[in-house]
Structures are given as structure tokens and as C-alpha cells.
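Beneath this line is the structure, given in C-alpha cells, with notes to follow.
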Amino acid sequence: MRLGIDIGGTKTAAVAIGADGELSDQFRMPTGFGAEAVVATALRTVERMTELAGIEAASFASIGIGIPGAVDSATGRVAHAVNLGLEGLDLGPRLSDRLGVEVRVENDVKAAAVGAHHLLGVADGIRAHSMAYLNLGTGLAAGVVLDGRLLRGGHGVAGEIGHIPVDPAGVVCSCGQRGCLETLASGSAIARMWPTGGPLPARDLFDAAESGDDRAIDVLERFLTGVASAVRLLVLTTDVDDVVIGGGLAALGDPLLAGTRRILSGWAADSAFLASLDLPSRVQVIPLGFPAAAVGAALVGEHQWLKS
């Protein structure tokens with residue numbers, strides 16, 4: 001049995017995976033802020049999961065953590081995770097010392113890519129599937145699994161496509177560049193382009209566009225074009241079989257998928273090259289509620305995920 005923990009900015013989710021690859025126990029709790037609180041959150045989560053699974057922590061075949069920010073997967077050190085108040089935390093070693101078992105740490109989007117790959121593999125009965133996980137949340141990033149192995153790159157930044165500039169005349173991105181893909185296709189992009197007092201700007205945007213609001217339709221087209229551009233970029237650079245959209249905006253479900261496929265189909269109508277790639281058929285949205293990052297975290301301790 002493998003244990004995976006997804007430490008997010010506001011909540012921590014955990015899942016145990018049995019030898020058959022099926023999810024068994026799950027648990028959620030609020031995430032603490034700051035190094036000591038994050039460590040305490042992780043330890044409390046492990047404690048609760050051992051109670052649910054009925055085994056000691058050392059009996060898990062692997063324990064993994066998915067966490068936002070810059071992560072050195074080889075050492076388990078989190079260089080920085082702004083939303084969690086972390087700078088230079090040796091999370092893996094500290095948890096390993098307390099639990100008496102090795103704990104591996106991975107960036108949350110890369111962990112989610114492993115989780116999505118597991119989901120597709122279980123569904124298709126294959127393991128060497130190539131896919132990209134496109135995380136649409138407050139920001140935009142991707143995780144890539146090629147021939148069944150996680151792509152990390154030489155410096156751990158493989159998949160950071162949100163900071164590829166696509167519009168020289170666009171707004172300045174949080175990274176300091178101008179017109180990054182993230183400024184078009186992300187939760188923060190929607191909040192900027194479609195300011196609303198509601199708690200769900202993306203949902204408000206889709207609803208307003210559906211009701212015929214011309215400005216909403218224009219903003220939605222810009223957003224969907226950004227998402228489609230990310231899909232095209234991932235396929236053209238890595239030639240993955242599938243692009244799975246996840247993250248908070250994936251909750252938009254079918255309207256998001258249909259809109260993205262519509263944009264991709266329109267491009268294919270004007271380009272025989274793109275038509276030959278059949279991009280619309282390669283994109284899908286992750287099932288609502290599937291804990292991709294926690295599932296991936298449970299698997300990152302396995303040998304095949306250790307290196308690109």
C-alpha cells in the first residue's frame with residue numbers, strides 16, 4: 001500500500017493506493033502556514049492515514065508528498081513555496097526522520113501528472129502511455145510523462161509553459177515577462193479580464209457568455225484560445241498521446257472541454273498540418289474530484305519515477 005499527500009495552499013489531501021492500483025482510504029484537512037505548521041500538517045495526515053489503513057507508517061511501500069513551489073525531488077528540499085510561507089525547508093528529510101521511513105517530495109503539478117497518467121493507464125490497461133497534465137489554476141503549468149517516465153528536465157522546470165511569452169503586446173506577467181501564456185489561460189487571467197464580486201469568476205464568465213453578453217463572449221474566446229494554445233504547444237513540443245486538463249478550472253467540465261476543442265478544430269480547418277495531428281481528440285478534462293496530485297505523490301517513490 002502506497003501513501004500520497006497533496007499539500008495545497010489551503011487544504012491537504014491524502015490517499016492510500018492498494019497493490020491493485022485502486023484508491024482505498026482518503027483524508028482531508030486544512031494546511032498550516034509556515035515551515036513548522038506544514039511539517040505538523042504532514043505528520044498529522046500520516047497519523048490519520050495509518051489509522052484508516054490499519055498499518056504503521058513504515059509499512060507503506062512508499063510515502064510521497066506533492067507540494068507547490070520549487071522542489072528538489074532528489075533531496076526532498078522545498079526551495080520556496082510562497083503560498084505556504086516556505087523558504088528552504090528540508091521537508092523530505094524532516095518527515096523521514098520523524099517517521100522512520102523514506103519520504104519523497106515532488107512538485108504538485110508534476111505529481112498530478114503522475115496521478116493522471118495512472119488514471120489513464122488503469123482505464124486503458126497500459127503503462128508506457130505518454131501524456132501531459134495541463135494544470136489550470138490560479139496560474140498555468142504542466143507536467144509531462146513520456147513513455148511512462150516523468151519529465152523533470154535538467155533543473156526541474158520542465159513543463160513551466162505558463163511563462164512562455166505568446167503576446168509581445170500583452171500585460172506584464174507575475175514572472176516579469178510580458179504576455180505570458182498564463183496571462184491568458186489561468187484563474188488569475190480570468191479575474192483580471194472579467195472582474196466580478198462573485199467567488200467564482202470563471203463560472204460567472206462562462207454563464208455570462210452563454211447568456212449572450214458580448215464582452216463576456218470576447219473574454220471567453222481569449223481564455224479558450226489561451227487554453228488551446230497550451231494544448232497545441234504541449235503536443236508540438238512533446239508529441240504526447242493525450243493532454244489532460246486539471247486544476248481548479250477543470251471543474252468547468254464539458255463547457256471548457258467543448259470550447260477548447262472548438263478552437264483547436266477551427267485551427268485545423270485552416271492548417272492541414274494541425275489537422276493531421278487531430279488535436280481535439282487528444283485533449284480531455286480530468287474527472288471531477290479525482291485527487292490527481294495525491295495519487296501521483298503516492299507513486300513518486302517508485303523506481304520508474306525517480307529520473308526523467
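Ligands are numbered from 1 in the order shown, chains are lettered A, B, ... in the order of the C-alpha cells, and residues start at 1 in each chain.
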Please run DSSP on the backbone and report, as a PyMOL selection string, all residues within segment 179-302 of chain A that come out as alpha helix (DSSP H).
chain A and resi 187-193+201-210+214-238+254-270+272-277+279-282+292-299
Which polymer residues have any atom within 12 Å of an atom of segment 82-85 of chain A, counting only C-alpha atoms, with same-chain residues fewer than 5 positions away left out, as number ranges by chain?
A: 7-12, 30-39, 41, 67-70, 138
When you look at Arg262 of chain A with a cut-off of 10 Å (counting only C-alpha atoms), what residues show up, excluding the ones that are within fewer than 3 positions of it in the same chain? I need them as number ranges by chain.
A: 224-225, 228, 256-259, 265-268, 280
Got a sec: who's within 8 Å of Gly247 of chain A, counting only C-alpha atoms, leaving out chain neighbours fewer than 2 positions off, as a ChimeraX atom specification?
/A:134-137,245,249-251
Write out, as a PDB file, in the first residue's frame, the residues just selected, with N, CA and C atoms.
```pdb
ATOM      1  N   LEU A 134      -2.181  19.402 -17.960  1.00  0.00           N
ATOM      2  CA  LEU A 134      -2.230  20.861 -18.051  1.00  0.00           C
ATOM      3  C   LEU A 134      -2.995  21.402 -16.855  1.00  0.00           C
ATOM      4  N   ASN A 135      -2.278  21.984 -15.932  1.00  0.00           N
ATOM      5  CA  ASN A 135      -2.882  22.477 -14.693  1.00  0.00           C
ATOM      6  C   ASN A 135      -3.357  23.919 -14.866  1.00  0.00           C
ATOM      7  N   LEU A 136      -4.686  24.085 -14.866  1.00  0.00           N
ATOM      8  CA  LEU A 136      -5.283  25.419 -14.958  1.00  0.00           C
ATOM      9  C   LEU A 136      -5.818  25.783 -13.585  1.00  0.00           C
ATOM     10  N   GLY A 137      -5.048  26.555 -12.861  1.00  0.00           N
ATOM     11  CA  GLY A 137      -5.451  27.020 -11.544  1.00  0.00           C
ATOM     12  C   GLY A 137      -5.305  28.520 -11.494  1.00  0.00           C
ATOM     13  N   ILE A 245      -6.557  18.120 -18.921  1.00  0.00           N
ATOM     14  CA  ILE A 245      -6.712  19.390 -18.221  1.00  0.00           C
ATOM     15  C   ILE A 245      -7.158  19.118 -16.789  1.00  0.00           C
ATOM     16  N   LEU A 249      -9.748  25.051 -12.480  1.00  0.00           N
ATOM     17  CA  LEU A 249     -10.642  25.402 -13.583  1.00  0.00           C
ATOM     18  C   LEU A 249     -11.187  24.178 -14.310  1.00  0.00           C
ATOM     19  N   ALA A 250     -10.614  23.007 -14.057  1.00  0.00           N
ATOM     20  CA  ALA A 250     -11.135  21.790 -14.677  1.00  0.00           C
ATOM     21  C   ALA A 250     -12.557  21.495 -14.210  1.00  0.00           C
ATOM     22  N   ALA A 251     -12.958  22.098 -13.085  1.00  0.00           N
ATOM     23  CA  ALA A 251     -14.325  21.918 -12.586  1.00  0.00           C
ATOM     24  C   ALA A 251     -15.354  22.512 -13.539  1.00  0.00           C
TER      25      ALA A 251
END
```
List the neighbours of Glu102 of chain A out to 12 Å using only C-alpha atoms; skip same-chain residues closer than 6 positions along the sequence, and give me the result as a ChimeraX atom specification.
/A:3,57-65,74-76,91-96,300-302
I need the chosen residues saved as a PDB file, in the first residue's frame, with C-alpha atoms.
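As a result, result15.pdb now contains:
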```pdb
ATOM      1  CA  LEU A   3       0.532   6.745   0.686  1.00  0.00           C
ATOM      2  CA  ALA A  57       3.814   4.343   8.611  1.00  0.00           C
ATOM      3  CA  ALA A  58       6.853   2.118   7.973  1.00  0.00           C
ATOM      4  CA  SER A  59       4.566  -0.490   6.410  1.00  0.00           C
ATOM      5  CA  PHE A  60       3.648   1.731   3.452  1.00  0.00           C
ATOM      6  CA  ALA A  61       5.521   0.665   0.314  1.00  0.00           C
ATOM      7  CA  SER A  62       6.129   4.338  -0.429  1.00  0.00           C
ATOM      8  CA  ILE A  63       5.211   7.714   1.016  1.00  0.00           C
ATOM      9  CA  GLY A  64       5.233  10.760  -1.221  1.00  0.00           C
ATOM     10  CA  ILE A  65       4.394  14.444  -0.911  1.00  0.00           C
ATOM     11  CA  ALA A  74      16.383  14.214  -5.289  1.00  0.00           C
ATOM     12  CA  THR A  75      16.856  15.722  -1.809  1.00  0.00           C
ATOM     13  CA  GLY A  76      13.264  16.428  -0.743  1.00  0.00           C
ATOM     14  CA  LEU A  91      10.635  18.591   4.074  1.00  0.00           C
ATOM     15  CA  GLY A  92      11.524  15.085   2.928  1.00  0.00           C
ATOM     16  CA  PRO A  93      14.408  14.539   5.385  1.00  0.00           C
ATOM     17  CA  ARG A  94      12.482  16.029   8.313  1.00  0.00           C
ATOM     18  CA  LEU A  95       9.494  13.770   7.726  1.00  0.00           C
ATOM     19  CA  SER A  96      11.739  10.751   7.133  1.00  0.00           C
ATOM     20  CA  VAL A 300       6.608   9.061  -6.957  1.00  0.00           C
ATOM     21  CA  GLY A 301       8.547   6.838  -4.565  1.00  0.00           C
ATOM     22  CA  GLU A 302       8.516   4.041  -7.103  1.00  0.00           C
TER      23      GLU A 302
END
```
Just want the 9 Å neighbourhood of segment 49-54 of chain A, counted on only C-alpha atoms, with same-chain residues fewer than 3 positions away dropped. Output as a PyMOL selection string.
chain A and resi 1+3+14-16+24-27+44-46+57+60
So, with only C-alpha atoms as the atoms that count, which of A:Val285, A:Ile5, A:Leu233, A:Val219 lies closest to Leu264 of chain A?
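Ranked by minimum distance to Leu264 of chain A, first place goes to A:Leu233.
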